[in-house]
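The data block below is final_28.pdb; it holds PDB, C-alpha atoms.
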```
ATOM      1  CA  ILE A   3       6.152  13.554  20.247
ATOM      2  CA  PRO A   4       3.415  14.280  22.831
ATOM      3  CA  GLY A   5      -0.082  13.620  21.475
ATOM      4  CA  CYS A   6       1.216  12.002  18.283
ATOM      5  CA  GLU A   7      -0.067   8.481  17.584
ATOM      6  CA  PRO A   8       1.756   7.533  14.372
ATOM      7  CA  THR A   9       0.797   3.846  14.351
ATOM      8  CA  LYS A  10      -2.890   4.715  14.825
ATOM      9  CA  ILE A  11      -2.660   7.258  11.987
ATOM     10  CA  ALA A  12      -0.877   4.680   9.809
ATOM     11  CA  LYS A  13      -3.529   2.031  10.446
ATOM     12  CA  THR A  14      -6.329   4.480   9.669
ATOM     13  CA  TRP A  15      -4.701   5.536   6.387
ATOM     14  CA  LEU A  16      -4.078   1.913   5.380
ATOM     15  CA  ALA A  17      -7.697   1.005   6.187
ATOM     16  CA  GLN A  18      -8.807   3.741   3.772
ATOM     17  CA  LEU A  19      -6.452   2.431   1.083
ATOM     18  CA  ASP A  20      -7.467  -1.206   1.593
ATOM     19  CA  GLY A  21     -11.153  -0.227   1.559
ATOM     20  CA  ALA A  22     -10.758   1.671  -1.710
ATOM     21  CA  ILE A  23      -8.989  -1.322  -3.272
ATOM     22  CA  VAL A  24     -11.681  -3.792  -2.208
ATOM     23  CA  LYS A  25     -14.381  -1.428  -3.509
ATOM     24  CA  ARG A  26     -12.404  -1.066  -6.750
ATOM     25  CA  ASP A  27     -12.620   2.712  -6.409
ATOM     26  CA  ALA A  28      -9.810   4.205  -8.506
ATOM     27  CA  ALA A  29     -10.692   7.785  -7.565
ATOM     28  CA  ALA A  30     -10.498   6.946  -3.851
ATOM     29  CA  ILE A  31      -7.111   5.260  -4.336
ATOM     30  CA  VAL A  32      -5.723   8.246  -6.250
ATOM     31  CA  ALA A  33      -7.111  10.637  -3.605
ATOM     32  CA  LEU A  34      -4.876   9.035  -0.954
ATOM     33  CA  PHE A  35      -1.700   9.914  -2.850
ATOM     34  CA  ALA A  36      -0.152  13.344  -3.425
ATOM     35  CA  PRO A  37       0.050  14.342  -7.110
ATOM     36  CA  GLU A  38       3.852  14.103  -7.003
ATOM     37  CA  ALA A  39       3.956  10.807  -5.081
ATOM     38  CA  ALA A  40       6.861   8.513  -5.897
ATOM     39  CA  VAL A  41       5.554   4.939  -6.186
ATOM     40  CA  ARG A  42       7.763   1.874  -6.629
ATOM     41  CA  ALA A  43       6.633  -1.737  -6.807
ATOM     42  CA  THR A  44       9.041  -4.657  -6.669
ATOM     43  CA  VAL A  45       7.445  -7.899  -7.793
ATOM     44  CA  ARG A  46       8.524 -11.393  -8.743
ATOM     45  CA  SER A  47       8.412 -12.004 -12.497
ATOM     46  CA  SER A  48       7.116 -15.226 -14.026
ATOM     47  CA  GLU A  49      10.775 -16.327 -14.294
ATOM     48  CA  GLY A  50      11.157 -15.877 -10.521
ATOM     49  CA  ARG A  51      13.335 -12.758 -10.678
ATOM     50  CA  MET A  52      12.570  -9.607  -8.744
ATOM     51  CA  THR A  53      11.876  -6.542 -10.864
ATOM     52  CA  SER A  54      11.026  -2.966  -9.868
ATOM     53  CA  VAL A  55       8.832  -0.418 -11.618
ATOM     54  CA  ASP A  56       8.264   3.238 -10.831
ATOM     55  CA  ILE A  57       4.726   4.412 -11.512
ATOM     56  CA  SER A  58       2.465   7.422 -10.988
ATOM     57  CA  ARG A  59      -0.468   7.409  -8.609
ATOM     58  CA  GLU A  60      -2.865   7.061 -11.558
ATOM     59  CA  GLU A  61      -0.901   4.099 -12.917
ATOM     60  CA  LEU A  62      -0.944   2.585  -9.415
ATOM     61  CA  ALA A  63      -4.738   2.801  -9.286
ATOM     62  CA  LYS A  64      -5.141   1.356 -12.806
ATOM     63  CA  SER A  65      -2.733  -1.527 -12.234
ATOM     64  CA  THR A  66      -4.260  -2.349  -8.841
ATOM     65  CA  LEU A  67      -7.762  -2.446 -10.295
ATOM     66  CA  ALA A  68      -6.603  -4.467 -13.310
ATOM     67  CA  ALA A  69      -5.039  -7.037 -10.977
ATOM     68  CA  MET A  70      -8.196  -7.134  -8.848
ATOM     69  CA  ALA A  71     -10.471  -7.623 -11.878
ATOM     70  CA  GLY A  72      -9.490 -11.260 -12.360
ATOM     71  CA  LEU A  73      -9.518 -12.205  -8.692
ATOM     72  CA  GLU A  74     -11.974 -14.430  -6.889
ATOM     73  CA  ASP A  75     -12.123 -15.239  -3.187
ATOM     74  CA  TYR A  76      -9.803 -12.302  -2.489
ATOM     75  CA  LYS A  77      -8.678 -11.894   1.104
ATOM     76  CA  GLN A  78      -6.120  -9.577   2.562
ATOM     77  CA  ARG A  79      -4.857  -9.088   6.068
ATOM     78  CA  ARG A  80      -2.148  -6.997   7.626
ATOM     79  CA  VAL A  81       0.194  -8.969   9.849
ATOM     80  CA  TRP A  82       1.632  -5.857  11.477
ATOM     81  CA  THR A  83       1.812  -2.117  10.973
ATOM     82  CA  GLU A  84       4.061   0.466  12.548
ATOM     83  CA  GLY A  85       4.223   4.216  12.156
ATOM     84  CA  ARG A  86       6.950   6.628  13.169
ATOM     85  CA  PRO A  87       7.068  10.395  12.946
ATOM     86  CA  VAL A  88       9.555  11.847  10.493
ATOM     87  CA  GLY A  89      11.173  14.855  12.127
ATOM     88  CA  ALA A  90      10.177  16.808  15.202
ATOM     89  CA  THR A  91       6.495  17.270  14.358
ATOM     90  CA  CYS A  92       3.630  14.860  13.693
ATOM     91  CA  ASP A  93       2.785  16.030  10.167
ATOM     92  CA  ARG A  94       4.851  13.400   8.330
ATOM     93  CA  ILE A  95       4.849   9.705   9.201
ATOM     94  CA  SER A  96       6.887   6.810   7.917
ATOM     95  CA  LEU A  97       4.852   3.620   7.987
ATOM     96  CA  ARG A  98       5.668  -0.007   7.366
ATOM     97  CA  SER A  99       3.249  -2.878   7.084
ATOM     98  CA  VAL A 100       3.276  -6.500   6.010
ATOM     99  CA  ALA A 101       0.204  -7.613   4.098
ATOM    100  CA  ILE A 102      -0.788 -11.127   3.077
ATOM    101  CA  GLU A 103      -3.041 -11.425   0.044
ATOM    102  CA  GLN A 104      -4.626 -14.570  -1.258
ATOM    103  CA  GLY A 105      -7.356 -15.727  -3.563
ATOM    104  CA  ARG A 106      -7.716 -17.189  -7.015
ATOM    105  CA  GLN A 107      -6.538 -15.469 -10.150
ATOM    106  CA  SER A 108      -7.746 -16.911 -13.437
ATOM    107  CA  GLY A 109      -8.921 -19.945 -11.471
ATOM    108  CA  LYS A 110      -5.515 -20.618  -9.906
ATOM    109  CA  PRO A 111      -4.880 -20.136  -6.187
ATOM    110  CA  TYR A 112      -2.248 -17.594  -5.200
ATOM    111  CA  ARG A 113      -0.840 -16.192  -1.993
ATOM    112  CA  PHE A 114       1.894 -13.683  -1.364
ATOM    113  CA  GLU A 115       3.256 -11.454   1.325
ATOM    114  CA  ALA A 116       4.366  -7.913   0.694
ATOM    115  CA  LEU A 117       6.304  -5.397   2.725
ATOM    116  CA  GLU A 118       4.685  -2.008   2.171
ATOM    117  CA  GLU A 119       6.458   1.206   3.122
ATOM    118  CA  TYR A 120       4.901   4.655   2.826
ATOM    119  CA  VAL A 121       5.645   8.186   3.859
ATOM    120  CA  ILE A 122       2.397  10.025   4.498
ATOM    121  CA  GLU A 123       2.114  13.755   5.029
ATOM    122  CA  LEU A 124      -0.661  15.829   6.544
ATOM    123  CA  ARG A 125      -1.891  18.355   3.975
ATOM    124  CA  ALA A 126      -4.936  20.538   4.561
ATOM    125  CA  GLY A 127      -6.197  18.110   7.211
ATOM    126  CA  LYS A 128      -5.793  14.996   5.050
ATOM    127  CA  TRP A 129      -3.057  12.363   5.102
ATOM    128  CA  LEU A 130      -1.529  11.805   1.634
ATOM    129  CA  ALA A 131       1.208   9.401   0.597
ATOM    130  CA  ILE A 132       4.207  11.188  -0.843
ATOM    131  CA  LYS A 133       6.235   7.994  -1.188
ATOM    132  CA  ALA A 134       5.191   4.373  -1.567
ATOM    133  CA  ASP A 135       7.297   1.262  -1.918
ATOM    134  CA  THR A 136       5.965  -2.283  -1.963
ATOM    135  CA  THR A 137       8.056  -5.430  -2.216
ATOM    136  CA  GLN A 138       6.692  -8.935  -2.657
ATOM    137  CA  GLN A 139       8.336 -11.386  -0.290
TER     138      GLN A 139
END
```
Structure translated into structure tokens:
Amino acid sequence: IPGCEPTKIAKTWLAQLDGAIVKRDAAAIVALFAPEAAVRATVRSSEGRMTSVDISREELAKSTLAAMAGLEDYKQRRVWTEGRPVGATCDRISLRSVAIEQGRQSGKPYRFEALEEYVIELRAGKWLAIKADTTQQ
């Protein structure tokens, strides 16, 4: 699509999300998701099994901040990010990114990789996630 830079848009949106998480700003996290956003997280349980949960954008913000509360030495980096337009216009973008997070939680070191997939849509001049799916690797 001429003039459409989906990967640049994806990286900008993710930078806003990552910044809101680091600042522990629940309102800013929620503001990046449409009210009807479908959010799914697939994580490894303490028994080592993968389990998925579907949550609202408010629950996403609360659970993210709760997880961040006990962290020390938190670092996160994105290994790669790609964005692709969905359809013939540049008002909806599918984005994929791999993030590596590490730090100490409750004094114990941790590190994990996650594949994050979003569909973001341009609404009233602002990019909002309408779908989010994250899977721990």
*Given all atoms listed in the file as the counted atoms, nearest of A:Arg51, A:Arg59, A:Lys25, A:Arg79 to Gln139 (chain A)*: A:Arg51
*Find the residues around Gly89 (chain A) up to 12 Å (only C-alpha atoms counted), leave out those fewer than 4 positions away in its own chain, and share them as a ChimeraX atom specification.*
/A:3,93-96,121,123
*To one decimal in Å, tell me the separation between CA of Ala40 (chain A) and CA of Cys6 (chain A).*
25.1 Å
*Point out the residue among A:Val100, A:Ser108, A:Asp135, A:Pro87 with the least atom-to-atom distance to Ile11 (chain A), counting all atoms listed in the file.*
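The shortest atom-to-atom distance to Ile11 (chain A) comes from A:Pro87.
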*asked:* I'd like to see the residues matched by the PyMOL selection byres ((chain A and resi 105) around 6) on this file, and ideally I'd get them as number ranges by chain.
replied: A: 74-76, 104, 106, 111-112
_d(CA of Leu16 (chain A), CA of Thr44 (chain A)) in Å_ =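 For CA of Leu16 (chain A) relative to CA of Thr44 (chain A), the distance reads 19.0 Å.
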*What do you get, as a VMD selection string, if you spell out every residue that the PyMOL selection byres ((chain A and resi 134) around 9) selects here?*
chain A and resid 35 39 to 43 118 to 122 131 to 133 135 to 136
*Decode the PyMOL selection byres ((chain A and resi 114) around 6) for the given file into explicit residues and return them as number ranges by chain.*
A: 102-103, 113, 115
*One decimal, Å: what's the distance from CA of Trp82 (chain A) over to CA of Thr9 (chain A), could you say?*
10.2 Å
*Rank nothing, just name the residue among A:Arg80, A:Lys10, A:Gln107, A:Glu61 nearest to Pro37 (chain A), using all atoms listed in the file.*
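Of A:Arg80, A:Lys10, A:Gln107, A:Glu61, the one nearest Pro37 (chain A), counting all atoms listed in the file, is A:Glu61.
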*Kindly indicate which residue among A:Thr91, A:Ala33, A:Ile23, A:Ser65 lies nearest to Gly5 (chain A), using all atoms listed in the file for the distances.*
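Checking each of A:Thr91, A:Ala33, A:Ile23, A:Ser65 against Gly5 (chain A), counting all atoms listed in the file, the winner is A:Thr91.
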*asked:* With distances taken over only C-alpha atoms, which residue among A:Val45, A:Ala101, A:Val55, A:Met70 lies nearest Asp27 (chain A)?
replied: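 With only C-alpha atoms as the atom set, the closest residue is A:Met70.
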*Top pick for closest residue to Arg125 (chain A), considering A:Ala28, A:Leu34, A:Val81, A:Ser54 and counting all atoms listed in the file*: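 The answer is A:Leu34, which sits nearest to Arg125 (chain A).
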Build an axis-aligned box that encloses every atom of region 36-39 of chain A listed in the file, pad it by 8 Å on each side, and report its centre and edge lengths in Å to one decimal, as lines of an AutoDock Vina configuration file.
```
center_x = 1.9
center_y = 12.6
center_z = -5.3
size_x = 20.1
size_y = 19.5
size_z = 19.7
```
